[in-house]
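Undergrad: Quick one: the structure is below, and I'll ask about it shortly.
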Amino acid sequence: MSYQTVKGTYDLLPDRMVKFNILSDLFRQFLNLYGYGEIKTPVFEYTGVFQKENDTSDMVTKEMYTFSPNGKDSLTLRPEGTAGVIRSFVENKMYGNNELPIKLGYIEEMFRHERPQKGRQRQFTQMGIECVGDKDPLIDAEVIALGYFYIKTLGLQSVKVLINTLGDNESRLQYKKDLIDYFAPHKDELCYDCQTRMEKNPLRILDCKIDRDSDLVKNAPKMKLTENSAKYFEDVKHYLDVLGIPYEIDDRLVRGLDYYTDTVFEVVSTNEASGSQATIFGGGRYDNLVKEMGGPEISGIGFAIGVERLLILCDAEEIFDIKNSLDCYVINLNEDPDYALSIAEELRNNSFSCEMNYYKRSLKAQFKSSERKNARFVLIIGEDEVKEGTITLKDTLTKAQESVKRDELTDRLDQLMEDYYE
RNA sequence: GCGGACGUGGUGAAGUUGGUUAACACACCAGAUUGUGGCUCUGGCAUUUCGUGGGUUCGAGCCCCAUCGUUCGCCCCA
C-alpha cells in the first residue's frame, strides 16, 4: 500500500520551510512594528461564519470544505481569514474593552476546494491583518503601507499596487442601480455569466475577463461618489503619496466579496513566473461586516497575503540567500563512540551546533559528510585522542589543524571564531 | 466544473515507424589514498522496471481504455 498527499495539498520540506519561515518571521516583525497583535482562530467554524444568508458572491457554496460530524452542526474549514477574526472580535467583545481600533494579524492555513494550479492549492497559507473599530483614511493608508513595505523589505521588485474605491453604502447602492440601468438594454451583448451577475452583483461585470475589453463595458458609467466618500478616497491617496507608496488607480478593481466598501486594493506581481495567479495580496475596507457578524456598527479594514504565491515570486526573483551551516562536525575513528558522544553534547551545551558521525565509516567518508553539512570546524577523534584526552581540531576555513585538550576545547573554538572575524 | 499538455532510478532527462541489454549527466556508495575532505581516475548504482490498473499484440516505456497525480488555460480567487 502506498499513499500520497491529497490533491491540492503538499508537504513543506525543510529546504522550503526555511524560506517559509523567513517570510513569516519578517511578517511578524512587521506586525510588531505597526502595533498588531497576533491572533489564532480555530481551523473550523460554524458554516454560517463564512456564509451569510444573502451572500451574492458567486463562489462561496461549492468551494468550501463543509462537513457535519454529528449530522446536526454544519462546520466548515476556514476558506479565508477575515470572517473568523471578526467573529472573534465580536464574540470577545473587543469593541468594548479596549482602545479602538483593534489591530490583529494572523498567519494561518486556509482551505478551498478549487482546481489546483500553480500558486493555488487546496490547503494554503495566508498572512493577513485586520484593523477593526475605526474608519479613517490614515488607517487605510497604514494598512496598505504595512503590506507594501513588507513586500519591499523582502526585496521584491516586480510588484505594483492597485487601488480603487467602491464607495460608501450610499454611493454603492446608487451605482448598482445605474449599472443595471445601463446594462439592461444591452443584456444580450454580455457573456452568459455576466447576465446572471447583473441581477446579483453588477459590479462584477466590470471585472469580467470576457467582457472587460468590450466597448460596452469600457463605456459603462463611473461611480458617482458621495462627497464624503470622494473626500475619503482623496485622503487615502494623499497619505499614500506622503508615505511614498506608488500606486495605480484601477477603477475596475472589484474585490470578489461584496462586503467591501470604500477602499479596496491589491498588490499584483508583474513577474511572469506567477502565472495566472498574479495577485499576491488583496484586501479592503468593510463597513458592514462587523454588524452582520452580530457586533456594533463599526468599520474595519484588512488584507491577506497568499504565502505560497509570495514564495513562488521570491524564488523567481532569487531573493533568498540561504546557507545551512554547522559549527562542528565530530569525526569518530575510535571503536567506542563514548568519547565522541560526550564531546558532541558538550559542544551543544556551549551553544555550538554540532553533528557527529554515527557508525563506522572511512575517514574520507566522514570528511565528506562534514563538507556536505558545511561544518566550520571538524573534530577528529581516534584512539590517540581518547588515550590522551585531546581532540584534533581542524578549522576548515584556514585549514589549520591543532591538537586541543578536552577541557580547553570550547574556549579555543570561541577564540578561533573571534580571530576570524577580526 | 470545462479544455489542452505531461507522468521513465535520489535528481535532470534520452528512448526514432511497438522488437529483445532502459542512453547520457548529476548526486550517492566503494576503491586508488589502511588517520585528513574538496581535483583526478576506476568500479558500483532503475528488487523483470517506465504513476497505477486493465486491454491489444508473438512482443508495449512506446498503441487503446480507465484511474490517480502534475502542469497550462477557462471558471473562480473570500
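Identifiers for the C-alpha cells are assigned positionally: chains receive A, B, ... in sequence, residues are indexed from 1 per chain, and ligands are indexed from 1 in the order shown.
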Fewer than 2 positions away in the same chain doesn't count, so skip those; otherwise give me all residues within 12 Å of Glu292 in chain A, counting only C-alpha atoms (C1' of nucleotides), as a list in words.
TA: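 Those residues are Gly48, Val49, Phe50, Gln51, Lys52, Glu53, Asn54, Asp55, Ala83, Ile86, Arg87, Val90, Tyr259, Tyr286, Asp287, Asn288, Leu289, Val290, Gly294, Gly295, Pro296, Glu297, Ile298 and Ser299 of chain A.
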Undergrad: With chain B as the partner and 9 Å as the cut-off, tabulate the residues of chain A that qualify, each row holding the nearest pair of atoms and their distance in Å to one decimal, using only C-alpha atoms (C1' of nucleotides), sorted by chain and rising number, as a Markdown table.
TA:
```
| residue | atom | partner | partner_atom | distance |
| --- | --- | --- | --- | --- |
| A:Lys7 | CA | B:G69 | C1' | 7.5 |
| A:Phe50 | CA | B:A78 | C1' | 8.4 |
| A:Ser57 | CA | B:A78 | C1' | 8.8 |
| A:Asp58 | CA | B:C76 | C1' | 8.1 |
| A:Met59 | CA | B:C76 | C1' | 6.8 |
| A:Val60 | CA | B:A78 | C1' | 7.6 |
| A:Pro79 | CA | B:A78 | C1' | 7.1 |
| A:Glu80 | CA | B:A78 | C1' | 5.8 |
| A:Gly81 | CA | B:A78 | C1' | 8.5 |
| A:Thr82 | CA | B:A78 | C1' | 8.3 |
| A:Ala83 | CA | B:A78 | C1' | 8.8 |
| A:Glu114 | CA | B:C76 | C1' | 8.0 |
| A:Arg115 | CA | B:G1 | C1' | 9.0 |
| A:Gln117 | CA | B:U71 | C1' | 7.4 |
| A:Lys118 | CA | B:U71 | C1' | 7.8 |
| A:Arg120 | CA | B:C77 | C1' | 9.0 |
| A:Arg255 | CA | B:A78 | C1' | 8.8 |
| A:Gly256 | CA | B:A78 | C1' | 6.7 |
| A:Leu257 | CA | B:A78 | C1' | 5.6 |
| A:Gly275 | CA | B:C72 | C1' | 8.9 |
| A:Ser276 | CA | B:G73 | C1' | 8.6 |
| A:Gln277 | CA | B:C77 | C1' | 8.4 |
| A:Thr279 | CA | B:C77 | C1' | 8.9 |
| A:Leu333 | CA | B:G35 | C1' | 7.9 |
| A:Leu363 | CA | B:G35 | C1' | 7.0 |
| A:Lys364 | CA | B:G37 | C1' | 6.1 |
| A:Ala365 | CA | B:G37 | C1' | 7.9 |
| A:Gln366 | CA | B:G37 | C1' | 8.1 |
| A:Phe367 | CA | B:G37 | C1' | 4.6 |
| A:Lys368 | CA | B:G37 | C1' | 5.3 |
| A:Ser369 | CA | B:G37 | C1' | 8.5 |
| A:Ser370 | CA | B:G37 | C1' | 8.0 |
| A:Glu371 | CA | B:G37 | C1' | 6.8 |
| A:Ile380 | CA | B:G35 | C1' | 8.7 |
| A:Gly382 | CA | B:G35 | C1' | 7.7 |
```
Undergrad: Store the residues picked out above, limited to C-alpha atoms, as a CSV table (one decimal), in the first residue's frame.
TA:
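This is the output file part25.csv:
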```csv
chain,number,residue,atom,x,y,z
A,7,LYS,CA,-4.8,16.5,-4.3
A,50,PHE,CA,-18.3,32.1,6.3
A,57,SER,CA,-20.9,36.1,-4.3
A,58,ASP,CA,-20.6,33.5,-7.0
A,59,MET,CA,-18.4,31.1,-5.2
A,60,VAL,CA,-19.0,30.6,-1.6
A,79,PRO,CA,-11.6,29.4,3.5
A,80,GLU,CA,-10.4,32.9,4.5
A,81,GLY,CA,-9.1,34.8,7.5
A,82,THR,CA,-11.3,37.8,7.9
A,83,ALA,CA,-14.6,36.2,8.9
A,114,GLU,CA,-10.7,24.7,-6.1
A,115,ARG,CA,-8.9,23.1,-9.0
A,117,GLN,CA,-2.9,25.3,-10.3
A,118,LYS,CA,0.4,27.0,-9.9
A,120,ARG,CA,-3.3,27.8,-6.0
A,255,ARG,CA,-12.8,42.5,-4.9
A,256,GLY,CA,-14.8,39.3,-5.0
A,257,LEU,CA,-16.7,39.5,-1.8
A,275,GLY,CA,1.4,32.6,-14.0
A,276,SER,CA,-2.2,33.4,-14.0
A,277,GLN,CA,-2.3,33.7,-10.2
A,279,THR,CA,-2.4,38.6,-7.1
A,333,LEU,CA,37.5,6.8,14.2
A,363,LEU,CA,37.8,8.9,7.4
A,364,LYS,CA,37.3,10.1,3.9
A,365,ALA,CA,33.6,9.4,4.0
A,366,GLN,CA,33.3,11.2,7.3
A,367,PHE,CA,35.1,14.2,5.9
A,368,LYS,CA,32.7,14.3,3.0
A,369,SER,CA,29.8,14.4,5.4
A,370,SER,CA,31.4,17.3,7.2
A,371,GLU,CA,31.8,19.1,4.0
A,380,ILE,CA,38.8,14.3,14.7
A,382,GLY,CA,40.7,8.4,17.2
```
Undergrad: Going by DSSP on the backbone, which bits of range 334-419 of chain A are strand (DSSP E)? Write them as a list in words, please.
TA: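 DSSP on the backbone gives strand (DSSP E) at Cys354, Glu355, Met356, Ala375, Arg376, Phe377, Val378, Leu379, Ile380, Ile381, Thr390, Ile391, Thr392, Leu393, Lys394, Asp395, Gln401, Glu402, Ser403, Val404 and Lys405 of chain A.
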Undergrad: Next, write the just-selected residues to a file, as a short mmCIF file (atom, residue, chain, number, x, y, z; two decimals), in the first residue's frame, keeping C-alpha atoms as the atom set.
TA:
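Result saved to selection07.cif:
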```cif
data_model
loop_
_atom_site.label_atom_id
_atom_site.label_comp_id
_atom_site.auth_asym_id
_atom_site.auth_seq_id
_atom_site.Cartn_x
_atom_site.Cartn_y
_atom_site.Cartn_z
CA CYS A 354 27.18 20.05 16.30
CA GLU A 355 26.69 16.81 14.47
CA MET A 356 28.67 13.63 14.82
CA ALA A 375 30.80 22.47 9.01
CA ARG A 376 33.15 25.24 10.07
CA PHE A 377 35.21 23.02 12.37
CA VAL A 378 36.00 19.36 12.02
CA LEU A 379 36.90 17.49 15.21
CA ILE A 380 38.78 14.27 14.74
CA ILE A 381 38.72 11.64 17.42
CA THR A 390 42.59 15.61 23.40
CA ILE A 391 40.78 16.50 20.20
CA THR A 392 42.34 17.11 16.83
CA LEU A 393 40.67 20.30 15.69
CA LYS A 394 40.67 21.43 12.09
CA ASP A 395 39.45 24.84 11.00
CA GLN A 401 44.94 21.84 12.39
CA GLU A 402 45.91 21.53 16.02
CA SER A 403 45.62 19.28 19.00
CA VAL A 404 43.48 20.71 21.81
CA LYS A 405 42.99 19.46 25.32
#
```
Undergrad: Measuring between only C-alpha atoms, which one of A:Lys93, A:Lys222, A:Arg348, A:Arg112 shows the shortest distance to Leu77 in chain A?
TA: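 Comparing A:Lys93, A:Lys222, A:Arg348, A:Arg112 against Leu77 in chain A, the winner is A:Arg112.
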Undergrad: Between CA of Asp327 in chain A and CA of Phe352 in chain A, what is the spacing in Å?
TA: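 Calculated distance between CA of Phe352 in chain A and CA of Asp327 in chain A is 5.8 Å.
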Undergrad: Give me, please, the distance in Å between C1' of G51 in chain B and CA of Asp11 in chain A, quoted to one decimal.
TA: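 Spanning C1' of G51 in chain B to CA of Asp11 in chain A is a straight-line distance of 18.5 Å.
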